[in-house]
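J.: Next up, entry37.pdb (PDB, C-alpha atoms (C1' of nucleotides)).
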```
MODEL        1
ATOM      1  CA  MET B 494      20.771  20.770   7.551
ATOM      2  CA  LEU B 495      19.334  17.691   5.987
ATOM      3  CA  LYS B 496      16.827  15.366   7.525
ATOM      4  CA  GLN B 497      17.433  11.840   6.454
ATOM      5  CA  GLU B 498      16.767   8.813   8.601
ATOM      6  CA  ALA B 499      20.126   7.082   8.281
ATOM      7  CA  ALA B 500      20.858   5.813   4.778
ATOM      8  CA  PRO B 501      17.520   5.289   3.076
ATOM      9  CA  SER B 502      17.268   1.694   2.076
ATOM     10  CA  LEU B 503      15.859   2.319  -1.382
ATOM     11  CA  ARG B 504      13.982  -0.944  -1.418
ATOM     12  CA  LEU B 505      11.592  -1.293  -4.327
ATOM     13  CA  GLU B 506       8.916  -2.734  -2.091
ATOM     14  CA  THR B 507       9.131   0.207   0.295
ATOM     15  CA  ILE B 508       9.055   2.726  -2.522
ATOM     16  CA  LEU B 509       6.020   1.158  -4.140
ATOM     17  CA  HIS B 510       4.268   1.000  -0.824
ATOM     18  CA  ALA B 511       4.982   4.677  -0.234
ATOM     19  CA  LEU B 512       3.703   5.563  -3.690
ATOM     20  CA  GLY B 513       0.617   3.413  -3.224
ATOM     21  CA  ASP B 514      -1.088   5.997  -1.068
ATOM     22  CA  PRO B 515      -2.981   8.683  -2.994
ATOM     23  CA  VAL B 516      -1.832  11.512  -0.733
ATOM     24  CA  ARG B 517       1.803  10.546  -1.053
ATOM     25  CA  LEU B 518       1.541   9.926  -4.767
ATOM     26  CA  GLY B 519       0.099  13.416  -5.069
ATOM     27  CA  ILE B 520       2.958  14.879  -3.077
ATOM     28  CA  VAL B 521       5.566  13.159  -5.205
ATOM     29  CA  ARG B 522       3.926  14.242  -8.425
ATOM     30  CA  GLN B 523       3.567  17.809  -7.267
ATOM     31  CA  LEU B 524       7.165  17.893  -6.075
ATOM     32  CA  ALA B 525       8.188  16.665  -9.500
ATOM     33  CA  ARG B 526       6.164  19.349 -11.246
ATOM     34  CA  GLU B 527       6.935  22.307  -9.022
ATOM     35  CA  GLY B 528      10.247  21.477  -7.408
ATOM     36  CA  GLU B 529      10.922  21.933  -3.693
ATOM     37  CA  SER B 530       8.000  22.816  -1.478
ATOM     38  CA  SER B 531       7.338  23.303   2.184
ATOM     39  CA  CYS B 532       5.177  20.758   3.968
ATOM     40  CA  ALA B 533       2.405  23.277   4.473
ATOM     41  CA  ALA B 534       2.264  24.036   0.760
ATOM     42  CA  LEU B 535       1.186  20.458   0.067
ATOM     43  CA  ASN B 536      -1.416  19.741   2.721
ATOM     44  CA  GLY B 537      -4.613  19.180   0.812
ATOM     45  CA  GLY B 538      -6.687  20.292   3.760
ATOM     46  CA  ARG B 539      -5.200  17.624   5.990
ATOM     47  CA  SER B 540      -3.813  18.258   9.441
ATOM     48  CA  LYS B 541      -0.153  18.985  10.119
ATOM     49  CA  SER B 542       0.328  15.694  11.893
ATOM     50  CA  THR B 543      -1.119  13.742   8.992
ATOM     51  CA  MET B 544       1.180  15.471   6.547
ATOM     52  CA  SER B 545       4.126  14.973   8.838
ATOM     53  CA  HIS B 546       3.370  11.271   8.826
ATOM     54  CA  HIS B 547       3.236  11.094   5.031
ATOM     55  CA  PHE B 548       6.460  13.036   4.631
ATOM     56  CA  ARG B 549       8.111  10.707   7.055
ATOM     57  CA  VAL B 550       7.063   7.687   5.011
ATOM     58  CA  LEU B 551       8.363   9.340   1.856
ATOM     59  CA  ARG B 552      11.631  10.219   3.565
ATOM     60  CA  GLU B 553      12.092   6.736   4.948
ATOM     61  CA  ALA B 554      11.444   5.278   1.514
ATOM     62  CA  GLY B 555      14.196   7.513   0.192
ATOM     63  CA  LEU B 556      11.892   9.380  -2.162
ATOM     64  CA  VAL B 557      12.134  12.772  -0.519
ATOM     65  CA  VAL B 558      14.760  14.791   1.319
ATOM     66  CA  THR B 559      13.822  17.514   3.713
ATOM     67  CA  ARG B 560      16.044  20.540   4.125
ATOM     68  CA  VAL B 561      15.381  22.624   7.196
ATOM     69  CA  GLN B 562      15.533  26.249   6.228
ATOM     70  CA  GLY B 563      14.833  28.432   9.194
ATOM     71  CA  VAL B 564      11.358  27.582  10.372
ATOM     72  CA  THR B 565      10.104  25.873   7.238
ATOM     73  CA  HIS B 566      11.083  22.469   5.954
ATOM     74  CA  MET B 567      11.707  22.295   2.249
ATOM     75  CA  ASN B 568      11.027  18.937   0.637
ATOM     76  CA  GLY B 569      12.597  17.828  -2.566
ATOM     77  CA  LEU B 570      12.259  14.700  -4.648
ATOM     78  CA  CYS B 571      15.339  12.448  -4.713
ATOM     79  CA  ARG B 572      15.077  11.938  -8.434
ATOM     80  CA  SER B 573      18.635  10.932  -9.171
ATOM     81  CA  ALA B 574      19.030   8.511  -6.302
ATOM     82  CA  VAL B 575      15.787   6.732  -7.122
ATOM     83  CA  GLU B 576      16.599   6.799 -10.803
ATOM     84  CA  ALA B 577      19.959   5.206 -10.081
ATOM     85  CA  SER B 578      18.400   2.301  -8.219
ATOM     86  CA  PHE B 579      15.209   1.891 -10.217
ATOM     87  CA  PRO B 580      15.672   3.435 -13.644
ATOM     88  CA  GLY B 581      12.496   4.687 -15.223
ATOM     89  CA  LEU B 582      10.324   4.190 -12.169
ATOM     90  CA  LEU B 583       9.873   7.811 -11.168
ATOM     91  CA  ALA B 584       9.522   8.930 -14.747
ATOM     92  CA  ALA B 585       6.745   6.409 -15.308
ATOM     93  CA  VAL B 586       4.918   7.556 -12.199
ATOM     94  CA  ILE B 587       5.337  11.242 -12.861
ATOM     95  CA  ASP B 588       5.070  11.638 -16.596
ATOM     96  CA  CYS B 589       1.549  10.405 -17.004
ATOM     97  CA  PRO B 590      -1.799  12.045 -16.582
ATOM     98  CA  VAL B 591      -3.771  10.762 -13.645
ATOM     99  CA  ALA B 592      -7.392  11.005 -12.697
ATOM    100  CA  GLY B 593      -8.316  12.459  -9.342
ATOM    101  CA  ALA B 594      -6.369  15.179  -7.573
ATOM    102  CA  PRO B 595      -5.263  13.948  -4.164
ATOM    103  CA  VAL B 596      -3.383  17.144  -3.344
ATOM    104  CA  GLU B 597      -5.409  20.023  -4.676
ATOM    105  CA  ASN B 598      -3.969  21.080  -7.984
ATOM    106  CA  SER B 599      -3.133  24.635  -6.982
ATOM    107  CA  ALA B 600      -5.367  25.334  -9.961
ATOM    108  CA  ALA B 601      -7.939  26.841  -7.604
TER     109      ALA B 601
ATOM    110  CA  MET H1454     -12.653 -18.129 -20.836
ATOM    111  CA  LEU H1455     -11.181 -14.988 -19.373
ATOM    112  CA  LYS H1456     -11.753 -13.679 -15.905
ATOM    113  CA  GLN H1457     -11.723  -9.952 -15.895
ATOM    114  CA  GLU H1458     -13.809  -7.803 -13.565
ATOM    115  CA  ALA H1459     -15.419  -5.512 -16.138
ATOM    116  CA  ALA H1460     -12.963  -3.162 -17.815
ATOM    117  CA  PRO H1461     -10.022  -2.793 -15.468
ATOM    118  CA  SER H1462      -9.683   0.848 -14.575
ATOM    119  CA  LEU H1463      -5.917   1.008 -14.957
ATOM    120  CA  ARG H1464      -5.570   3.772 -12.391
ATOM    121  CA  LEU H1465      -2.000   4.532 -11.441
ATOM    122  CA  GLU H1466      -2.917   4.770  -7.796
ATOM    123  CA  THR H1467      -4.550   1.343  -7.844
ATOM    124  CA  ILE H1468      -1.643  -0.229  -9.666
ATOM    125  CA  LEU H1469       0.914   1.190  -7.260
ATOM    126  CA  HIS H1470      -1.169   0.055  -4.338
ATOM    127  CA  ALA H1471      -1.343  -3.436  -5.784
ATOM    128  CA  LEU H1472       2.408  -3.497  -6.354
ATOM    129  CA  GLY H1473       3.054  -2.153  -2.869
ATOM    130  CA  ASP H1474       2.468  -5.524  -1.250
ATOM    131  CA  PRO H1475       5.504  -7.818  -1.194
ATOM    132  CA  VAL H1476       3.520 -10.919  -2.061
ATOM    133  CA  ARG H1477       1.898  -9.290  -5.066
ATOM    134  CA  LEU H1478       5.127  -7.672  -6.187
ATOM    135  CA  GLY H1479       6.682 -11.114  -6.072
ATOM    136  CA  ILE H1480       3.874 -12.576  -8.126
ATOM    137  CA  VAL H1481       4.182  -9.876 -10.772
ATOM    138  CA  ARG H1482       7.921 -10.244 -10.988
ATOM    139  CA  GLN H1483       7.725 -13.992 -11.225
ATOM    140  CA  LEU H1484       5.018 -13.800 -13.867
ATOM    141  CA  ALA H1485       7.280 -11.470 -15.807
ATOM    142  CA  ARG H1486      10.210 -13.847 -15.558
ATOM    143  CA  GLU H1487       8.455 -17.128 -16.160
ATOM    144  CA  GLY H1488       5.344 -16.243 -18.112
ATOM    145  CA  GLU H1489       1.919 -17.628 -17.298
ATOM    146  CA  SER H1490       1.522 -19.619 -14.126
ATOM    147  CA  SER H1491      -1.236 -21.248 -12.175
ATOM    148  CA  CYS H1492      -2.220 -19.750  -8.829
ATOM    149  CA  ALA H1493      -0.889 -22.742  -6.966
ATOM    150  CA  ALA H1494       2.508 -22.401  -8.593
ATOM    151  CA  LEU H1495       3.015 -19.045  -6.922
ATOM    152  CA  ASN H1496       1.799 -19.597  -3.377
ATOM    153  CA  GLY H1497       4.861 -19.072  -1.225
ATOM    154  CA  GLY H1498       3.480 -21.349   1.454
ATOM    155  CA  ARG H1499       0.374 -19.216   1.846
ATOM    156  CA  SER H1500      -3.140 -20.582   1.894
ATOM    157  CA  LYS H1501      -5.318 -20.811  -1.182
ATOM    158  CA  SER H1502      -7.671 -18.131   0.066
ATOM    159  CA  THR H1503      -4.815 -15.729   0.668
ATOM    160  CA  MET H1504      -3.491 -16.240  -2.823
ATOM    161  CA  SER H1505      -6.942 -15.909  -4.287
ATOM    162  CA  HIS H1506      -7.236 -12.549  -2.557
ATOM    163  CA  HIS H1507      -3.922 -11.303  -3.955
ATOM    164  CA  PHE H1508      -4.752 -12.452  -7.458
ATOM    165  CA  ARG H1509      -8.036 -10.677  -7.203
ATOM    166  CA  VAL H1510      -6.314  -7.419  -6.275
ATOM    167  CA  LEU H1511      -3.908  -7.840  -9.176
ATOM    168  CA  ARG H1512      -6.776  -8.593 -11.545
ATOM    169  CA  GLU H1513      -8.796  -5.621 -10.370
ATOM    170  CA  ALA H1514      -5.804  -3.368 -10.815
ATOM    171  CA  GLY H1515      -5.562  -4.620 -14.375
ATOM    172  CA  LEU H1516      -2.111  -6.092 -13.894
ATOM    173  CA  VAL H1517      -3.038  -9.719 -14.406
ATOM    174  CA  VAL H1518      -5.517 -11.703 -16.497
ATOM    175  CA  THR H1519      -6.648 -15.130 -15.492
ATOM    176  CA  ARG H1520      -7.498 -17.712 -18.075
ATOM    177  CA  VAL H1521      -9.461 -20.683 -16.860
ATOM    178  CA  GLN H1522      -8.041 -23.780 -18.418
ATOM    179  CA  GLY H1523      -9.867 -26.836 -17.226
ATOM    180  CA  VAL H1524      -9.373 -27.005 -13.489
ATOM    181  CA  THR H1525      -6.433 -24.698 -13.199
ATOM    182  CA  HIS H1526      -6.394 -20.933 -13.610
ATOM    183  CA  MET H1527      -3.519 -19.560 -15.623
ATOM    184  CA  ASN H1528      -2.427 -16.065 -14.760
ATOM    185  CA  GLY H1529      -0.589 -13.805 -17.119
ATOM    186  CA  LEU H1530       0.822 -10.319 -16.775
ATOM    187  CA  CYS H1531      -0.983  -7.633 -18.807
ATOM    188  CA  ARG H1532       2.247  -6.130 -19.964
ATOM    189  CA  SER H1533       1.039  -4.331 -23.048
ATOM    190  CA  ALA H1534      -2.071  -2.816 -21.502
ATOM    191  CA  VAL H1535      -0.143  -1.482 -18.543
ATOM    192  CA  GLU H1536       2.665  -0.333 -20.776
ATOM    193  CA  ALA H1537       0.177   1.559 -22.921
ATOM    194  CA  SER H1538      -1.216   3.486 -19.966
ATOM    195  CA  PHE H1539       1.940   3.876 -17.921
ATOM    196  CA  PRO H1540       4.961   3.497 -20.170
ATOM    197  CA  GLY H1541       8.045   2.221 -18.432
ATOM    198  CA  LEU H1542       6.340   1.411 -15.166
ATOM    199  CA  LEU H1543       6.327  -2.357 -15.404
ATOM    200  CA  ALA H1544       9.787  -2.422 -16.906
ATOM    201  CA  ALA H1545      11.123  -0.391 -14.009
ATOM    202  CA  VAL H1546       9.510  -2.683 -11.479
ATOM    203  CA  ILE H1547      10.541  -5.884 -13.194
ATOM    204  CA  ASP H1548      13.957  -5.233 -14.610
ATOM    205  CA  CYS H1549      15.770  -4.587 -11.384
ATOM    206  CA  PRO H1550      17.272  -6.827  -8.782
ATOM    207  CA  VAL H1551      15.439  -6.795  -5.498
ATOM    208  CA  ALA H1552      16.384  -7.889  -2.032
ATOM    209  CA  GLY H1553      14.182 -10.388  -0.245
ATOM    210  CA  ALA H1554      12.240 -13.129  -1.928
ATOM    211  CA  PRO H1555       8.516 -12.750  -1.209
ATOM    212  CA  VAL H1556       7.591 -15.680  -3.389
ATOM    213  CA  GLU H1557      10.232 -18.324  -2.972
ATOM    214  CA  ASN H1558      12.666 -18.026  -5.823
ATOM    215  CA  SER H1559      12.204 -21.519  -7.143
ATOM    216  CA  ALA H1560      15.956 -21.597  -6.560
ATOM    217  CA  ALA H1561      15.429 -24.070  -3.733
TER     218      ALA H1561
ATOM    219  C1'  DG L 439      12.447  37.309  27.146
ATOM    220  C1'  DT L 440       7.965  36.546  24.691
ATOM    221  C1'  DC L 441       5.360  35.380  20.734
ATOM    222  C1'  DT L 442       4.564  33.307  16.367
ATOM    223  C1'  DT L 443       5.315  29.958  12.877
ATOM    224  C1'  DA L 444       6.287  25.285  10.912
ATOM    225  C1'  DG L 445       6.834  20.674  11.853
ATOM    226  C1'  DT L 446       7.265  16.721  14.928
ATOM    227  C1'  DT L 447       5.743  13.403  18.328
ATOM    228  C1'  DC L 448       2.218  11.163  21.096
ATOM    229  C1'  DG L 449      -2.056   8.771  21.953
ATOM    230  C1'  DA L 450      -6.439   7.580  20.284
ATOM    231  C1'  DT L 451      -9.812   6.113  16.894
ATOM    232  C1'  DA L 452     -11.570   4.420  12.621
ATOM    233  C1'  DT L 453     -10.708   2.074   8.638
ATOM    234  C1'  DG L 454      -8.218  -1.286   5.707
ATOM    235  C1'  DT L 455      -5.423  -5.280   4.814
ATOM    236  C1'  DT L 456      -3.523  -9.705   5.349
ATOM    237  C1'  DT L 457      -4.203 -13.988   6.676
ATOM    238  C1'  DC L 458      -6.449 -18.167   7.810
ATOM    239  C1'  DG L 459      -9.829 -22.227   7.789
ATOM    240  C1'  DA L 460     -14.262 -23.946   6.291
ATOM    241  C1'  DA L 461     -17.696 -24.305   2.976
ATOM    242  C1'  DC L 462     -18.668 -23.919  -1.819
ATOM    243  C1'  DA L 463     -18.385 -24.328  -7.157
ATOM    244  C1'  DA L 464     -16.551 -25.961 -11.604
ATOM    245  C1'  DA L 465     -14.073 -29.257 -14.445
ATOM    246  C1'  DG L 466     -12.467 -33.634 -15.236
ATOM    247  C1'  DG L 467     -11.087 -38.552 -14.171
ATOM    248  C1'  DC L 468     -12.805 -42.979 -12.663
TER     249       DC L 468
ATOM    250  C1'  DG D 186     -22.781 -40.989 -10.381
ATOM    251  C1'  DC D 187     -18.624 -40.149  -7.061
ATOM    252  C1'  DC D 188     -14.058 -38.350  -6.117
ATOM    253  C1'  DT D 189     -10.175 -35.248  -6.767
ATOM    254  C1'  DT D 190      -8.254 -31.014  -7.970
ATOM    255  C1'  DT D 191      -8.090 -25.937  -8.263
ATOM    256  C1'  DG D 192      -9.824 -21.728  -7.055
ATOM    257  C1'  DT D 193     -13.438 -18.731  -5.033
ATOM    258  C1'  DT D 194     -16.260 -16.856  -1.311
ATOM    259  C1'  DC D 195     -17.333 -16.146   3.465
ATOM    260  C1'  DG D 196     -16.488 -14.961   8.151
ATOM    261  C1'  DA D 197     -13.236 -13.930  11.662
ATOM    262  C1'  DA D 198      -8.815 -12.627  13.843
ATOM    263  C1'  DA D 199      -4.580 -10.023  13.795
ATOM    264  C1'  DC D 200      -2.250  -6.421  12.220
ATOM    265  C1'  DA D 201      -1.241  -2.067   9.864
ATOM    266  C1'  DT D 202      -2.506   2.570   8.285
ATOM    267  C1'  DA D 203      -4.679   7.117   7.949
ATOM    268  C1'  DT D 204      -6.374  10.548  10.422
ATOM    269  C1'  DC D 205      -6.993  13.787  14.041
ATOM    270  C1'  DG D 206      -6.098  17.017  18.160
ATOM    271  C1'  DA D 207      -3.006  18.248  21.842
ATOM    272  C1'  DA D 208       1.387  18.913  23.587
ATOM    273  C1'  DC D 209       5.992  19.729  22.238
ATOM    274  C1'  DT D 210      10.402  21.643  19.815
ATOM    275  C1'  DA D 211      13.289  24.695  16.942
ATOM    276  C1'  DA D 212      14.048  29.078  14.595
ATOM    277  C1'  DG D 213      13.243  33.493  14.089
ATOM    278  C1'  DA D 214      10.696  38.189  14.780
ATOM    279  C1'  DC D 215       9.600  41.616  18.075
TER     280       DC D 215
ENDMDL
END
```
Please render this file's structure as structure tokens.
T.:
Amino acid sequence: MLKQEAAPSLRLETILHALGDPVRLGIVRQLAREGESSCAALNGGRSKSTMSHHFRVLREAGLVVTRVQGVTHMNGLCRSAVEASFPGLLAAVIDCPVAGAPVENSAA
Amino acid sequence: MLKQEAAPSLRLETILHALGDPVRLGIVRQLAREGESSCAALNGGRSKSTMSHHFRVLREAGLVVTRVQGVTHMNGLCRSAVEASFPGLLAAVIDCPVAGAPVENSAA
DNA sequence: GTCTTAGTTCGATATGTTTCGAACAAAGGC
DNA sequence: GCCTTTGTTCGAAACATATCGAACTAAGAC
């Protein structure tokens, strides 16, 4: 079962706004590096409700799809869909080193 | 004379945040299409102080440089600097059609 | 059926952002 | 010198966002 709020609009403005938050940027980058993850696996010490909010923004922007798998929700990056609408955008955001680790780097 | 707040940090997070606002995204896209412009040439009916604020955010993000030329301030996109740090990012943001015209399209 | 787990939704608070008008500063034209 | 033009800076108001805890829901384990 997929969670997707209607057809995501895939508006550039909405996508950039979603990516403009450090927590969400961290989520997207981590999802890109490590593939699907549960919500809990990405909370950098933030509360469940905060994370739920950020995932909702990412979902509504069309950047992330959430697949409900039993009790956990697996989130995946919508690489191809975003790539189709805005070629090169995700690659540029993902394939570059970045200072500061918004979501802890699991390098602990 | 160039206006540049110290060395712009060129942080991805800051750049995405700057681009996440529809007015600023419009400015950047228009600057990309039409080259340098004065501040006044890009106000979509907004007040001077509002535009000044947006240009400041763009400048601080390292997306725009402002050259003072007599009484007017000419703003140009820092394509190469941004491209050097985040290859493909500006291209992805600029070279795509976008719904909604934040800054009026001069197609009036 | 009861309990646990993983997320969501709600309501509140604190913080940021956008926007404006008014006052200011710099550069030139007269 | 004075006036005009173009932006900037300063408050202030309106709005949006990030964050939390508490109450809720759905799925499964027991």
J.: Where does the PyMOL selection byres ((chain B) within 9 of (chain D)) land in this file, that is, which residues does it pick, as a ChimeraX atom specification?
T.: /B:539-540,542-543,562-565
J.: Mind fitting chain H to chain B by least squares on all Cα atoms in order and giving back the moved coordinates as a short mmCIF file (atom, residue, chain, number, x, y, z; two decimals) with C-alpha atoms, in the coordinates of the input?
T.:
```cif
data_model
loop_
_atom_site.label_atom_id
_atom_site.label_comp_id
_atom_site.auth_asym_id
_atom_site.auth_seq_id
_atom_site.Cartn_x
_atom_site.Cartn_y
_atom_site.Cartn_z
CA MET H 1454 20.79 20.78 7.60
CA LEU H 1455 19.37 17.67 6.01
CA LYS H 1456 16.87 15.34 7.55
CA GLN H 1457 17.49 11.84 6.44
CA GLU H 1458 16.83 8.77 8.58
CA ALA H 1459 20.21 7.06 8.24
CA ALA H 1460 20.90 5.77 4.74
CA PRO H 1461 17.55 5.29 3.06
CA SER H 1462 17.25 1.67 2.08
CA LEU H 1463 15.83 2.31 -1.38
CA ARG H 1464 13.93 -0.96 -1.43
CA LEU H 1465 11.56 -1.30 -4.34
CA GLU H 1466 8.88 -2.74 -2.12
CA THR H 1467 9.10 0.20 0.27
CA ILE H 1468 9.03 2.73 -2.53
CA LEU H 1469 5.99 1.17 -4.16
CA HIS H 1470 4.25 1.02 -0.83
CA ALA H 1471 4.98 4.69 -0.25
CA LEU H 1472 3.69 5.59 -3.71
CA GLY H 1473 0.61 3.44 -3.22
CA ASP H 1474 -1.10 6.05 -1.07
CA PRO H 1475 -2.98 8.74 -3.00
CA VAL H 1476 -1.83 11.54 -0.73
CA ARG H 1477 1.82 10.58 -1.05
CA LEU H 1478 1.55 9.96 -4.77
CA GLY H 1479 0.12 13.45 -5.06
CA ILE H 1480 2.97 14.91 -3.05
CA VAL H 1481 5.58 13.18 -5.20
CA ARG H 1482 3.94 14.27 -8.41
CA GLN H 1483 3.59 17.82 -7.24
CA LEU H 1484 7.18 17.91 -6.05
CA ALA H 1485 8.20 16.68 -9.48
CA ARG H 1486 6.19 19.38 -11.21
CA GLU H 1487 6.97 22.32 -8.99
CA GLY H 1488 10.28 21.48 -7.37
CA GLU H 1489 10.95 21.93 -3.67
CA SER H 1490 8.05 22.82 -1.44
CA SER H 1491 7.38 23.30 2.22
CA CYS H 1492 5.21 20.75 4.01
CA ALA H 1493 2.45 23.27 4.50
CA ALA H 1494 2.32 24.03 0.80
CA LEU H 1495 1.21 20.49 0.07
CA ASN H 1496 -1.38 19.77 2.74
CA GLY H 1497 -4.59 19.22 0.83
CA GLY H 1498 -6.65 20.34 3.79
CA ARG H 1499 -5.16 17.66 6.01
CA SER H 1500 -3.78 18.29 9.46
CA LYS H 1501 -0.13 19.00 10.14
CA SER H 1502 0.36 15.69 11.91
CA THR H 1503 -1.09 13.78 8.99
CA MET H 1504 1.22 15.50 6.56
CA SER H 1505 4.16 14.98 8.84
CA HIS H 1506 3.39 11.27 8.82
CA HIS H 1507 3.25 11.10 5.02
CA PHE H 1508 6.47 13.03 4.63
CA ARG H 1509 8.11 10.69 7.05
CA VAL H 1510 7.06 7.68 5.00
CA LEU H 1511 8.36 9.34 1.85
CA ARG H 1512 11.63 10.21 3.57
CA GLU H 1513 12.08 6.71 4.93
CA ALA H 1514 11.44 5.26 1.51
CA GLY H 1515 14.19 7.50 0.20
CA LEU H 1516 11.90 9.37 -2.16
CA VAL H 1517 12.15 12.76 -0.51
CA VAL H 1518 14.78 14.78 1.35
CA THR H 1519 13.85 17.51 3.74
CA ARG H 1520 16.04 20.53 4.16
CA VAL H 1521 15.40 22.62 7.23
CA GLN H 1522 15.55 26.23 6.26
CA GLY H 1523 14.85 28.44 9.22
CA VAL H 1524 11.35 27.61 10.38
CA THR H 1525 10.12 25.89 7.29
CA HIS H 1526 11.10 22.48 5.99
CA MET H 1527 11.73 22.28 2.28
CA ASN H 1528 11.07 18.95 0.67
CA GLY H 1529 12.64 17.83 -2.55
CA LEU H 1530 12.28 14.71 -4.64
CA CYS H 1531 15.35 12.44 -4.70
CA ARG H 1532 15.09 11.94 -8.41
CA SER H 1533 18.63 10.91 -9.16
CA ALA H 1534 19.02 8.48 -6.28
CA VAL H 1535 15.79 6.73 -7.11
CA GLU H 1536 16.59 6.79 -10.79
CA ALA H 1537 19.95 5.18 -10.08
CA SER H 1538 18.38 2.27 -8.22
CA PHE H 1539 15.19 1.89 -10.22
CA PRO H 1540 15.65 3.43 -13.64
CA GLY H 1541 12.47 4.70 -15.22
CA LEU H 1542 10.31 4.21 -12.16
CA LEU H 1543 9.87 7.82 -11.15
CA ALA H 1544 9.53 8.94 -14.74
CA ALA H 1545 6.75 6.44 -15.29
CA VAL H 1546 4.92 7.58 -12.19
CA ILE H 1547 5.37 11.27 -12.85
CA ASP H 1548 5.09 11.68 -16.57
CA CYS H 1549 1.56 10.48 -17.00
CA PRO H 1550 -1.78 12.11 -16.57
CA VAL H 1551 -3.76 10.81 -13.64
CA ALA H 1552 -7.39 11.02 -12.71
CA GLY H 1553 -8.33 12.46 -9.35
CA ALA H 1554 -6.43 15.17 -7.56
CA PRO H 1555 -5.23 13.93 -4.16
CA VAL H 1556 -3.42 17.14 -3.41
CA GLU H 1557 -5.48 19.99 -4.74
CA ASN H 1558 -4.11 20.97 -8.10
CA SER H 1559 -3.35 24.55 -7.23
CA ALA H 1560 -5.64 25.13 -10.21
CA ALA H 1561 -8.26 26.55 -7.87
#
```
J.: At a cut-off of 8 Å, which residues of chain L touch chain B? Count all atoms listed in the file and give the answer as an NGL selection string.
T.: :L and (443-446)
J.: Contacts from chain B to chain H, 6 Å maximum, all atoms listed in the file: show me the residue list as a PyMOL selection string.
T.: chain B and resi 506+509-510+513+580-582+585
J.: One decimal, Å: what's the distance from CA of Gly1529 (chain H) over to CA of Val1517 (chain H), could you say?
T.: 5.5 Å
J.: Which distance in Å separates CA of Glu529 (chain B) and CA of Thr559 (chain B), to one decimal?
T.: 9.1 Å
J.: Using all atoms listed in the file, which residues sit within 9 Å of Cys1531 (chain H) once same-chain residues fewer than 3 positions away are excluded, as an MDAnalysis selection string?
T.: chainID H and resid 1515:1518 1534:1536
J.: Using the chain letters and residue numbers of this document, give as a list in words the residues selected by the PyMOL selection byres ((chain H and resi 1480) around 9).
T.: Pro1475, Val1476, Arg1477, Leu1478, Gly1479, Val1481, Arg1482, Gln1483, Leu1484, Ala1485, Leu1495, Asn1496, His1507, Phe1508, Pro1555 and Val1556 of chain H
J.: Using Å and a single decimal, report how far CA of Asn568 (chain B) sits from C1' of DT440 (chain L).
T.: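 Answer for the C1' of DT440 (chain L) to CA of Asn568 (chain B) separation: 30.0 Å.
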